[in-house]
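In what follows, a single structure is set out as structure tokens and then discussed.
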There are 4 protein chains.
Amino acid sequence: MTNEPIFDIAHLGHIELLTPKPEESLRFFVDVMGMTESGRAGSSVFLRGFDDYERYSLKLTGAKTSGLGHMAFRTRSPQALERRAEALAGSGFDVGWTDGDVGQGKTFVCRDPDGHVVELYYETEWYTPPAELKPALKNQAQRYPARGVSVRRLDHFNCLAADIRTNRQFFEQYLGFRLTEQIVLDDGTEAGMWLTATNKSYDFAYTLDRTGTRGRFHHLTYAVDCREDVLRAADIFLENGVYIETGPHKHAVQQTFFLYVYEPGGNRVEIANAGARLILAPDWKPIVWSEAERKKGQAWGLKTIESFHTYGTPPIETGNPT
Amino acid sequence: MTNEPIFDIAHLGHIELLTPKPEESLRFFVDVMGMTESGRAGSSVFLRGFDDYERYSLKLTGAKTSGLGHMAFRTRSPQALERRAEALAGSGFDVGWTDGDVGQGKTFVCRDPDGHVVELYYETEWYTPPAELKPALKNQAQRYPARGVSVRRLDHFNCLAADIRTNRQFFEQYLGFRLTEQIVLDDGTEAGMWLTATNKSYDFAYTLDRTGTRGRFHHLTYAVDCREDVLRAADIFLENGVYIETGPHKHAVQQTFFLYVYEPGGNRVEIANAGARLILAPDWKPIVWSEAERKKGQAWGLKTIESFHTYGTPPIETGNPT
Amino acid sequence: MTNEPIFDIAHLGHIELLTPKPEESLRFFVDVMGMTESGRAGSSVFLRGFDDYERYSLKLTGAKTSGLGHMAFRTRSPQALERRAEALAGSGFDVGWTDGDVGQGKTFVCRDPDGHVVELYYETEWYTPPAELKPALKNQAQRYPARGVSVRRLDHFNCLAADIRTNRQFFEQYLGFRLTEQIVLDDGTEAGMWLTATNKSYDFAYTLDRTGTRGRFHHLTYAVDCREDVLRAADIFLENGVYIETGPHKHAVQQTFFLYVYEPGGNRVEIANAGARLILAPDWKPIVWSEAERKKGQAWGLKTIESFHTYGTPPIETGNPT
Amino acid sequence: MTNEPIFDIAHLGHIELLTPKPEESLRFFVDVMGMTESGRAGSSVFLRGFDDYERYSLKLTGAKTSGLGHMAFRTRSPQALERRAEALAGSGFDVGWTDGDVGQGKTFVCRDPDGHVVELYYETEWYTPPAELKPALKNQAQRYPARGVSVRRLDHFNCLAADIRTNRQFFEQYLGFRLTEQIVLDDGTEAGMWLTATNKSYDFAYTLDRTGTRGRFHHLTYAVDCREDVLRAADIFLENGVYIETGPHKHAVQQTFFLYVYEPGGNRVEIANAGARLILAPDWKPIVWSEAERKKGQAWGLKTIESFHTYGTPPIETGNPT
């Protein structure tokens, strides 16, 4: 009989992003990305896509450098949170309980083998829009802003790591994520992994840090509804002088239709369509991409831009909040 | 503490559709919908969208009338299948075990309170495309056909039922489906329900049969990637003389961008975008639409066409396979 | 030998729209349609789509009622303007020369047989965007606003008329417009006409006023790039409480993908894709739609909404500027 | 007073493309591009997009190499054809009258300064679809095929030339084309030109042949309706093993959303959206791109691929029909 999987993580909840230029970063996320500010605390501003059901999906924090503050996953239930905390206790990855971020309940903090900070929580504040942001349809979290890119919701993030295999095992064994695609080099080294706790084909990815540095961040991705929206985003970034690193184009891996830009604080941000491809099979066999296959570039032949392999925001230690 | 949910159903696997005009229906699904034939048995032809991972998602069966043969859900594991069978045993809804449909393992059969046949299975044959249908990207089940509508995958179905509440309770209690949206009339009668076992906002819907008849079928839906694909489908149906009942337009409920046609055998078929809106919250509070709200028509004001409330294909008893 | 056509009209330049609610209408065009204010004079505000090359394409004038102030066509050259004025002089349709509207040179004014005011001009002020509206690409008139619908340019307008045939002959003979499609009833009555001076399949349309009233206005249309943009516009109108009369759907006539709303002043405004279908043939044979064909409704079967035949804004006499 | 322009050319009618692999090229245009065969003569097959109003827009001719056979423009009237013939007679560019290609009347042949063959004709056979290709809407030339890319119509072509300026002057002075955009290098050399006889922003382009060779061909472009159609085309080319040279991406010049592939015979073929941007101004001032501006790459930052500058199909002399 198959060993039954862990179902304790519900989904990616939010990302804390560090920025050395908090005002300019905020203007980028509000005016260009079309996100909504939904709170402030200390040097942090909380932001949301128009259909994120929680109060926020992005915590933007002023800091000495760019980079990842932490990633936060919501569990499926209070019991699920306890079970994960118990599993992690004494593992060496556990950091411990906190009172939780703004709008969220008690939170269990740990670190992945590469050092990225992972937060787990269950209790959360559902977003209640003010009158002027009430949507016309009650099954939508907030009014469609029709300002800038107007992203729908947080989709996924991507970290760099010095050792993909140990990170994969960490997320599989302690948190129950499932591997949907991966890159394995000719010598057997795992060079990329895409994991999910949902029917989305991935909730996050880790790719190999060629510099061997630990704890670096690659990008954060917000979802729009279709490929035309990604093209429109490219037009909007162009008009706003935002640096477009690469795209729009289609990844071979996961078939994501991507567009990568740098926000003013130096973090790479992706706009992607999301949802057309779902992983419904409970026993999905991970797709393994070889070194030769990856050298072919992206789906329609675009060569992967060099900076995509080298540019990453600093590890958390360097980027402590000011 | 919250009562933890049942996670035993993985997803909708296939639908058996009855047709009194099997040849014409087959031509519709292959030539106009762009589906692929992947098997035959008896008076049935098996068909698939290009990204359905299982061998088929539609079993098209020659019969005296149109209508639903059965719905089939795949469980998350063999144990999950056993658990559901045990739960149903002696409930009055259970029919019993069969050897299963083509390409599938042992199957537990039951009937919902309205009489629709429900099949549960775990073992399934993954689709292996012949050489000429191998996709360029290995994370796709089959080559994109670029013929007719070229639907990606089975998305959901909709049954009519004489009593929505009892059917909702059946699917919630015995199979663990979660209610995401519903219609409740002023007198408290439940008139529509949308349930899911996945992060899709619904895997199926039931709406009230105004005639009081039991076991009727409303429609079957295949997913395309974006709204533009639905519009293109409308152009294709127009060119092929397919009767368009209503749409393309946007439902207020679930915000589905819909297009309804009748296939030659008389079954209502929907093309819809799917995936932009996902239900990620593990504790989603069902959206309740009132009678007054539903009278407003669809999202952009289109009045619901009368036949949408009255036209349904016959109950299964009438539609026994020939 | 073919009689060679008149090439003196270059294109539709602008429309003067009357509104009894000038402030609310202005907010609609700026905030919801995403247009840019580019001047004021008296009770008029001048507005533009982001890729209109002239300073404005809409003159919005406070008045007692809604309706058409005038339509204005730009000629291909100064000589062309003189030729048209000469042709019209003494025809009974001529009104005479004026100094022209804001940003435009000397203007010849006439009235069509139904009484609508027609202005002809050649000299015009090209739009020069202020620094903050400079586009990233120099072949675009203005920065893409990414605010509301963000219409590209004025596309066409539609008037009601008591007698279509005489109006068609007027525009053909005096101004050189070419008929591309028309509706002819069983009794030979012309009920609709679509005319063009460009490769667009129409620059304006006239449809029969069932009430027999003269000089009424039906709608004004702004172009977006694709059908997905029209759907997005519907979402934006919904969120902003704008009344959607009908659409999005595809007209059989001209295959326009349409969406009709009422702006706060009561004028019907259309958002349409434009450009996919061009009339390149210099000897295009007009498409004639019969009464029976028109009764079939729109391309995908939508029945034409009754108000579409009855709701028109008042004739100019009633709607004189305050 | 402005010197009034020549209006004698109506539009680009067809392109004769040479191919050393006629069978494979034909399969590409029919099965992958979704075009329709509409005639054969000698070693040529005639092909059309579903909304080309003439019988064909592509003459595909078996030959020793790939390349351009000729370009053919339709005039606005018989008189216009005579006027152009008279203007060219004795110019040194004139070749003389022929009976014309299949389905077309008497034709005046000339060569541009670079040696490309230019044909002018007025009489033409309008396409009459066989019963199975009749469209549902009578304002469309042929049924939408829903097979492969399903291109709508011929849009433009691009030649290489050793001297852009003399070619520009030829097309402006003898044929009345208008320059809408151009590239001028720092030393004053014209390196690219985009000309039109319609409201399309260009009917053809010439770019500088870096090798100094004369008479070479760069690409042929078919139009689809929107950018999403171009992306879908990329998916289809990928599935069919067609070599994608570059794109989809947006050109800075003309803002064309492009996708370039090589058909089996070696000719570069482009799929582009067309129509959103129209040139309506009769006095359009050509957009001039400098050397520095062009070095920035395409609109969203994609660097122009090297083969785009070097790969061209041979001059006509080399490619004489077999």
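Residue numbering restarts at 1 in every chain; chains get A, B, ... in the order shown in the structure tokens, and ligands count up from 1 in that same order.
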Given only C-alpha atoms, how would the per-residue table for chain A near chain B read, listing every residue at most 7 Å away with its closest atom pair and distance in Å to one decimal, sorted by chain and number, as CSV?
```
residue,atom,partner,partner_atom,distance
A:Thr2,CA,B:Ser77,CA,6.9
A:Ala10,CA,B:Pro282,CA,6.2
A:His11,CA,B:Leu280,CA,6.4
A:Arg76,CA,B:Pro282,CA,5.3
A:Ser77,CA,B:Thr2,CA,6.9
A:Leu137,CA,B:Ala252,CA,6.6
A:Asn139,CA,B:Ile287,CA,6.4
A:Thr198,CA,B:Asn199,CA,6.7
A:Asn199,CA,B:Asn199,CA,5.8
A:Asp225,CA,B:Ala276,CA,5.1
A:Cys226,CA,B:Cys226,CA,5.9
A:Ala252,CA,B:Leu137,CA,6.6
A:Gln254,CA,B:Asn139,CA,6.9
A:Ala274,CA,B:Ala276,CA,6.5
A:Gly275,CA,B:Gly275,CA,4.0
A:Ala276,CA,B:Asp225,CA,5.1
A:Leu280,CA,B:His11,CA,6.4
A:Pro282,CA,B:Arg76,CA,5.3
A:Ile287,CA,B:Asn139,CA,6.4
```
For the residues in that selection, give me N, CA and C atoms as a compact mmCIF listing (two decimals), in the first residue's frame.
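Output contents, as saved in result.txt:
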```txt
# COMPACT_ATOMS: atom_id res chain seq x y z
N THR A 2 0.40 2.25 -0.67
CA THR A 2 1.09 3.52 -0.73
C THR A 2 1.13 4.17 0.66
N ALA A 10 -1.67 24.23 3.76
CA ALA A 10 -2.75 24.60 2.84
C ALA A 10 -2.21 25.32 1.62
N HIS A 11 -1.35 26.30 1.84
CA HIS A 11 -0.85 27.11 0.72
C HIS A 11 0.16 28.13 1.20
N ARG A 76 -3.59 23.75 7.22
CA ARG A 76 -5.00 23.47 6.94
C ARG A 76 -5.89 23.56 8.17
N SER A 77 -5.29 23.51 9.33
CA SER A 77 -6.09 23.51 10.55
C SER A 77 -5.15 23.81 11.71
N LEU A 137 -18.81 41.63 -7.25
CA LEU A 137 -19.19 40.23 -7.07
C LEU A 137 -18.66 39.74 -5.73
N ASN A 139 -17.93 36.96 -4.54
CA ASN A 139 -16.95 35.87 -4.49
C ASN A 139 -15.54 36.34 -4.85
N THR A 198 -0.56 22.16 -3.14
CA THR A 198 -1.89 22.43 -3.68
C THR A 198 -2.06 21.74 -5.03
N ASN A 199 -3.10 22.11 -5.78
CA ASN A 199 -3.24 21.64 -7.16
C ASN A 199 -2.53 22.56 -8.15
N ASP A 225 -4.39 36.61 -14.91
CA ASP A 225 -5.30 35.57 -15.37
C ASP A 225 -4.90 34.88 -16.67
N CYS A 226 -4.18 35.58 -17.54
CA CYS A 226 -3.92 34.97 -18.84
C CYS A 226 -2.64 35.56 -19.42
N ALA A 252 10.05 26.11 -20.43
CA ALA A 252 9.81 24.69 -20.71
C ALA A 252 9.37 24.03 -19.39
N GLN A 254 7.49 23.60 -16.25
CA GLN A 254 6.18 24.03 -15.74
C GLN A 254 5.34 24.82 -16.77
N ALA A 274 -1.29 31.80 -14.40
CA ALA A 274 -1.27 30.68 -13.47
C ALA A 274 -2.62 30.05 -13.47
N GLY A 275 -2.62 28.75 -13.45
CA GLY A 275 -3.89 28.08 -13.28
C GLY A 275 -4.32 27.22 -14.44
N ALA A 276 -3.86 27.52 -15.65
CA ALA A 276 -4.29 26.70 -16.78
C ALA A 276 -3.85 25.25 -16.55
N LEU A 280 -3.60 17.48 -10.86
CA LEU A 280 -4.72 16.84 -10.18
C LEU A 280 -4.38 15.43 -9.71
N PRO A 282 -3.02 12.53 -7.74
CA PRO A 282 -2.46 12.43 -6.39
C PRO A 282 -1.10 11.73 -6.39
N ILE A 287 8.47 15.26 -13.14
CA ILE A 287 9.10 15.41 -14.44
C ILE A 287 10.57 15.75 -14.18
```
- Message: Which residues are near Gly34 of chain C? Cut-off 9 Å, only C-alpha atoms, ignore same chain within fewer than 4 positions. Put them as a PyMOL selection string.
- Response: chain C and resi 28-30+49-50+145-151
- strand (DSSP E) residues, from DSSP on the backbone, in segment 68-273 of chain B, as a ChimeraX atom specification: /B:68-75,94-98,107-111,117-121,153-161,178-184,190-196,204-208,217-224,243-250,257-262,268-273
- Task: Compile the contact shell of Pro314 of chain D as a VMD selection string: residues with an atom at most 12 Å away, counting only C-alpha atoms, same-chain residues fewer than 3 positions apart removed.
- Result: chain D and resid 17 to 20 63 to 69 115 to 116 159 to 161 209 211 213 to 219 265 to 268 310 to 311 317 to 320
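One finds atom CA of His70 of chain C at 17.0 Å from atom CA of Arg40 of chain C.
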- Which parts of segment 74-321 of chain C does DSSP call alpha helix (DSSP H) when run on the backbone here, written out as a VMD selection string? chain C and resid 78 to 88 164 to 175 227 to 239 291 to 295 306 to 310
- Query: So, counting only C-alpha atoms, which residue among A:Thr61, A:Asn158, A:Thr36, A:Thr196 is closest to Leu133 of chain A?
  - Reply: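 With only C-alpha atoms as the atom set, the closest residue is A:Thr36.
Rounded to one decimal, atom CA of Glu263 of chain B and atom CA of Glu306 of chain B lie 18.6 Å from each other.
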- Query: Could you pull the residues within 9 Å of Leu175 of chain D, counting only C-alpha atoms, minus those fewer than 6 positions along the same chain, as a ChimeraX atom specification?
  - Reply: /D:6-9,84,87-88,197
What would the file look like if the residues just selected were written as a short mmCIF file (atom, residue, chain, number, x, y, z; two decimals), in the first residue's frame with C-alpha atoms?
```
data_model
loop_
_atom_site.label_atom_id
_atom_site.label_comp_id
_atom_site.auth_asym_id
_atom_site.auth_seq_id
_atom_site.Cartn_x
_atom_site.Cartn_y
_atom_site.Cartn_z
CA ILE D 6 -0.67 59.37 -55.40
CA PHE D 7 -3.49 56.98 -54.42
CA ASP D 8 -3.05 54.38 -57.12
CA ILE D 9 -1.89 51.35 -55.15
CA ARG D 84 1.58 53.66 -62.84
CA ALA D 87 5.00 56.70 -64.92
CA LEU D 88 7.36 53.72 -64.98
CA ALA D 197 -0.30 52.44 -49.25
#
```
- Message: Let me make sure I understand: among B:Leu26, B:Val95, B:Val117, B:Leu154, which one has the smallest atom-to-atom distance to Tyr56 of chain B if we use only C-alpha atoms?
- Response: B:Leu154
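Counting only C-alpha atoms, Thr98 of chain B has the following residues at most 7 Å away, ignoring those fewer than 2 positions along the same chain: Gly96, Gly100, Lys106, Thr107 and Phe108 of chain B.
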Selected residues written out with C-alpha atoms, as an mmCIF file, in the first residue's frame:
```
data_model
loop_
_atom_site.group_PDB
_atom_site.id
_atom_site.type_symbol
_atom_site.label_atom_id
_atom_site.label_comp_id
_atom_site.auth_asym_id
_atom_site.auth_seq_id
_atom_site.Cartn_x
_atom_site.Cartn_y
_atom_site.Cartn_z
ATOM 1 C CA GLY B 96 -21.226 -2.219 -4.659
ATOM 2 C CA GLY B 100 -13.990 -0.943 -13.075
ATOM 3 C CA LYS B 106 -11.679 -1.931 -8.881
ATOM 4 C CA THR B 107 -14.460 0.545 -8.507
ATOM 5 C CA PHE B 108 -16.993 1.254 -5.817
#
```
- Message: I'd like the neighbourhood of Ala292 of chain D as a PyMOL selection string, where a residue qualifies if any of its atoms comes within 10 Å (using only C-alpha atoms), though same-chain residues fewer than 5 positions away should be ignored.
- Response: chain D and resi 185-186+297
